[in-house]
Amino acid sequence: MSLSILTRVYNTILARKSAEPTSSYVASLFAKGSKKIAQKVGEEATETVLASAGGNKKEIISESADLLFHLLVLWAAHDVTPDEVANELKRREGTSGIEEKKSRG
């Protein structure tokens, strides 16, 4: 997956962040606050897990896209950029998952 699509969607989210909530889904999420945004991420994560349990590839793809979209909204709500997350992934690359978890303390 190219990070560029995530960056483009993220930039669109930023552009719509201050729009009129009645005219933009993204703006309506921001108007409801970070708790509602986090709730949407949780809902989409659950739907992705359920799609996986059902084994329907098309549904998994669709729900994964919804999850990533809402995660981008959450990042924007907290001024976290896709590049910052990508840099963290790069930092962890090549490190054992077990060792990385131990390093968190």
# chains A, B, ... in the order shown; residues from 1 in each chain; ligands from 1
>>> residues_around(residues="A:His70", least_positions_apart="5", cutoff="9 Å", atoms="only C-alpha atoms", output="ChimeraX atom specification")
/A:37-38,40-41,44,65,75
>>> select_by_dssp(residues="stretch 16-81 of chain A", states="alpha helix (DSSP H)", output="ChimeraX atom specification")
/A:16,25-32,34-54,57-77
>>> closest_residue(among="A:Gly97, A:Ser103, A:Glu84, A:Arg91", to="A:Thr7", atoms="only C-alpha atoms")
A:Glu84
>>> atom_distance(atom1="atom CA of A:Lys102", atom2="atom CA of A:Thr48")
28.0 Å
>>> closest_residue(among="A:Ser4, A:Ser34, A:Ser64, A:Ser23", to="A:Ala77", atoms="only C-alpha atoms")
A:Ser34
>>> atom_distance(atom1="atom CA of A:Glu47", atom2="atom CA of A:Glu59")
9.3 Å
>>> closest_residue(among="A:Ile98, A:Ile61, A:Ala27, A:Ala86", to="A:Leu14", atoms="only C-alpha atoms")
A:Ala27
>>> atom_distance(atom1="atom CA of A:Val49", atom2="atom CA of A:Leu68")
13.3 Å
>>> residues_around(residues="A:Arg8", least_positions_apart="3", cutoff="12 Å", atoms="only C-alpha atoms", output="JSON, numbers by chain")
{"A": [2, 3, 4, 5, 11, 12, 13, 14, 15, 69, 72, 81, 82, 83]}
>>> closest_residue(among="A:Thr46, A:Ala53, A:Lys36, A:His78", to="A:Asp66", atoms="only C-alpha atoms")
A:Thr46
>>> closest_residue(among="A:Lys58, A:Leu89, A:Ala76, A:Lys35", to="A:Ser18", atoms="only C-alpha atoms")
A:Ala76
>>> closest_residue(among="A:Arg92, A:Ser52, A:Val9, A:Val73", to="A:Gly33", atoms="only C-alpha atoms")
A:Val73
>>> decode(residues="stretch 20-45 of chain A", atoms="N, CA, C and O atoms", output="PDB file, in the first residue's frame")
ATOM      1  N   GLU A  20     -18.775  23.312   7.479  1.00  0.00           N
ATOM      2  CA  GLU A  20     -20.072  23.278   8.155  1.00  0.00           C
ATOM      3  C   GLU A  20     -20.454  21.816   8.408  1.00  0.00           C
ATOM      4  O   GLU A  20     -20.501  21.019   7.477  1.00  0.00           O
ATOM      5  N   PRO A  21     -20.725  21.451   9.674  1.00  0.00           N
ATOM      6  CA  PRO A  21     -21.052  20.057   9.986  1.00  0.00           C
ATOM      7  C   PRO A  21     -22.233  19.478   9.219  1.00  0.00           C
ATOM      8  O   PRO A  21     -22.284  18.282   8.981  1.00  0.00           O
ATOM      9  N   THR A  22     -23.152  20.327   8.792  1.00  0.00           N
ATOM     10  CA  THR A  22     -24.296  19.814   8.028  1.00  0.00           C
ATOM     11  C   THR A  22     -23.934  19.501   6.582  1.00  0.00           C
ATOM     12  O   THR A  22     -24.684  18.814   5.897  1.00  0.00           O
ATOM     13  N   SER A  23     -22.758  19.977   6.145  1.00  0.00           N
ATOM     14  CA  SER A  23     -22.369  19.762   4.753  1.00  0.00           C
ATOM     15  C   SER A  23     -21.223  18.768   4.591  1.00  0.00           C
ATOM     16  O   SER A  23     -20.855  18.421   3.474  1.00  0.00           O
ATOM     17  N   SER A  24     -20.639  18.309   5.709  1.00  0.00           N
ATOM     18  CA  SER A  24     -19.477  17.433   5.634  1.00  0.00           C
ATOM     19  C   SER A  24     -19.522  16.408   6.764  1.00  0.00           C
ATOM     20  O   SER A  24     -19.622  16.774   7.941  1.00  0.00           O
ATOM     21  N   TYR A  25     -19.412  15.136   6.389  1.00  0.00           N
ATOM     22  CA  TYR A  25     -19.363  14.069   7.388  1.00  0.00           C
ATOM     23  C   TYR A  25     -18.166  14.256   8.310  1.00  0.00           C
ATOM     24  O   TYR A  25     -18.275  14.107   9.533  1.00  0.00           O
ATOM     25  N   VAL A  26     -17.018  14.582   7.727  1.00  0.00           N
ATOM     26  CA  VAL A  26     -15.807  14.793   8.528  1.00  0.00           C
ATOM     27  C   VAL A  26     -16.027  15.924   9.527  1.00  0.00           C
ATOM     28  O   VAL A  26     -15.731  15.782  10.716  1.00  0.00           O
ATOM     29  N   ALA A  27     -16.564  17.036   9.064  1.00  0.00           N
ATOM     30  CA  ALA A  27     -16.820  18.167   9.959  1.00  0.00           C
ATOM     31  C   ALA A  27     -17.810  17.782  11.054  1.00  0.00           C
ATOM     32  O   ALA A  27     -17.670  18.216  12.205  1.00  0.00           O
ATOM     33  N   SER A  28     -18.782  16.948  10.707  1.00  0.00           N
ATOM     34  CA  SER A  28     -19.754  16.529  11.728  1.00  0.00           C
ATOM     35  C   SER A  28     -19.089  15.679  12.797  1.00  0.00           C
ATOM     36  O   SER A  28     -19.441  15.771  13.979  1.00  0.00           O
ATOM     37  N   LEU A  29     -18.114  14.853  12.403  1.00  0.00           N
ATOM     38  CA  LEU A  29     -17.376  14.078  13.400  1.00  0.00           C
ATOM     39  C   LEU A  29     -16.574  14.990  14.313  1.00  0.00           C
ATOM     40  O   LEU A  29     -16.582  14.825  15.538  1.00  0.00           O
ATOM     41  N   PHE A  30     -15.874  15.967  13.741  1.00  0.00           N
ATOM     42  CA  PHE A  30     -15.092  16.889  14.548  1.00  0.00           C
ATOM     43  C   PHE A  30     -15.979  17.698  15.485  1.00  0.00           C
ATOM     44  O   PHE A  30     -15.608  17.966  16.625  1.00  0.00           O
ATOM     45  N   ALA A  31     -17.170  18.057  15.019  1.00  0.00           N
ATOM     46  CA  ALA A  31     -18.101  18.821  15.855  1.00  0.00           C
ATOM     47  C   ALA A  31     -18.561  18.004  17.065  1.00  0.00           C
ATOM     48  O   ALA A  31     -18.864  18.563  18.119  1.00  0.00           O
ATOM     49  N   LYS A  32     -18.590  16.686  16.913  1.00  0.00           N
ATOM     50  CA  LYS A  32     -19.013  15.809  18.017  1.00  0.00           C
ATOM     51  C   LYS A  32     -17.889  15.532  19.009  1.00  0.00           C
ATOM     52  O   LYS A  32     -18.139  15.011  20.088  1.00  0.00           O
ATOM     53  N   GLY A  33     -16.658  15.819  18.615  1.00  0.00           N
ATOM     54  CA  GLY A  33     -15.536  15.700  19.533  1.00  0.00           C
ATOM     55  C   GLY A  33     -14.753  14.399  19.410  1.00  0.00           C
ATOM     56  O   GLY A  33     -15.172  13.452  18.751  1.00  0.00           O
ATOM     57  N   SER A  34     -13.616  14.389  20.089  1.00  0.00           N
ATOM     58  CA  SER A  34     -12.687  13.264  19.957  1.00  0.00           C
ATOM     59  C   SER A  34     -13.240  11.971  20.540  1.00  0.00           C
ATOM     60  O   SER A  34     -12.885  10.884  20.083  1.00  0.00           O
ATOM     61  N   LYS A  35     -14.114  12.053  21.532  1.00  0.00           N
ATOM     62  CA  LYS A  35     -14.706  10.837  22.087  1.00  0.00           C
ATOM     63  C   LYS A  35     -15.548  10.119  21.025  1.00  0.00           C
ATOM     64  O   LYS A  35     -15.469   8.897  20.884  1.00  0.00           O
ATOM     65  N   LYS A  36     -16.345  10.878  20.273  1.00  0.00           N
ATOM     66  CA  LYS A  36     -17.169  10.282  19.212  1.00  0.00           C
ATOM     67  C   LYS A  36     -16.276   9.727  18.097  1.00  0.00           C
ATOM     68  O   LYS A  36     -16.560   8.665  17.542  1.00  0.00           O
ATOM     69  N   ILE A  37     -15.213  10.440  17.766  1.00  0.00           N
ATOM     70  CA  ILE A  37     -14.285   9.954  16.742  1.00  0.00           C
ATOM     71  C   ILE A  37     -13.669   8.637  17.185  1.00  0.00           C
ATOM     72  O   ILE A  37     -13.614   7.672  16.414  1.00  0.00           O
ATOM     73  N   ALA A  38     -13.235   8.558  18.434  1.00  0.00           N
ATOM     74  CA  ALA A  38     -12.660   7.316  18.959  1.00  0.00           C
ATOM     75  C   ALA A  38     -13.695   6.191  18.939  1.00  0.00           C
ATOM     76  O   ALA A  38     -13.372   5.042  18.616  1.00  0.00           O
ATOM     77  N   GLN A  39     -14.929   6.517  19.253  1.00  0.00           N
ATOM     78  CA  GLN A  39     -16.000   5.519  19.217  1.00  0.00           C
ATOM     79  C   GLN A  39     -16.177   4.972  17.802  1.00  0.00           C
ATOM     80  O   GLN A  39     -16.340   3.766  17.605  1.00  0.00           O
ATOM     81  N   LYS A  40     -16.106   5.844  16.803  1.00  0.00           N
ATOM     82  CA  LYS A  40     -16.239   5.400  15.405  1.00  0.00           C
ATOM     83  C   LYS A  40     -15.084   4.481  15.018  1.00  0.00           C
ATOM     84  O   LYS A  40     -15.290   3.493  14.314  1.00  0.00           O
ATOM     85  N   VAL A  41     -13.880   4.787  15.477  1.00  0.00           N
ATOM     86  CA  VAL A  41     -12.734   3.907  15.191  1.00  0.00           C
ATOM     87  C   VAL A  41     -13.000   2.531  15.792  1.00  0.00           C
ATOM     88  O   VAL A  41     -12.788   1.504  15.138  1.00  0.00           O
ATOM     89  N   GLY A  42     -13.498   2.503  17.021  1.00  0.00           N
ATOM     90  CA  GLY A  42     -13.823   1.235  17.665  1.00  0.00           C
ATOM     91  C   GLY A  42     -14.893   0.459  16.916  1.00  0.00           C
ATOM     92  O   GLY A  42     -14.778  -0.764  16.729  1.00  0.00           O
ATOM     93  N   GLU A  43     -15.922   1.155  16.467  1.00  0.00           N
ATOM     94  CA  GLU A  43     -16.993   0.504  15.705  1.00  0.00           C
ATOM     95  C   GLU A  43     -16.452  -0.101  14.412  1.00  0.00           C
ATOM     96  O   GLU A  43     -16.781  -1.240  14.060  1.00  0.00           O
ATOM     97  N   GLU A  44     -15.641   0.672  13.717  1.00  0.00           N
ATOM     98  CA  GLU A  44     -15.095   0.198  12.442  1.00  0.00           C
ATOM     99  C   GLU A  44     -14.108  -0.951  12.663  1.00  0.00           C
ATOM    100  O   GLU A  44     -14.047  -1.880  11.847  1.00  0.00           O
ATOM    101  N   ALA A  45     -13.357  -0.904  13.755  1.00  0.00           N
ATOM    102  CA  ALA A  45     -12.449  -2.013  14.067  1.00  0.00           C
ATOM    103  C   ALA A  45     -13.245  -3.290  14.315  1.00  0.00           C
ATOM    104  O   ALA A  45     -12.887  -4.365  13.816  1.00  0.00           O
TER     105      ALA A  45
END
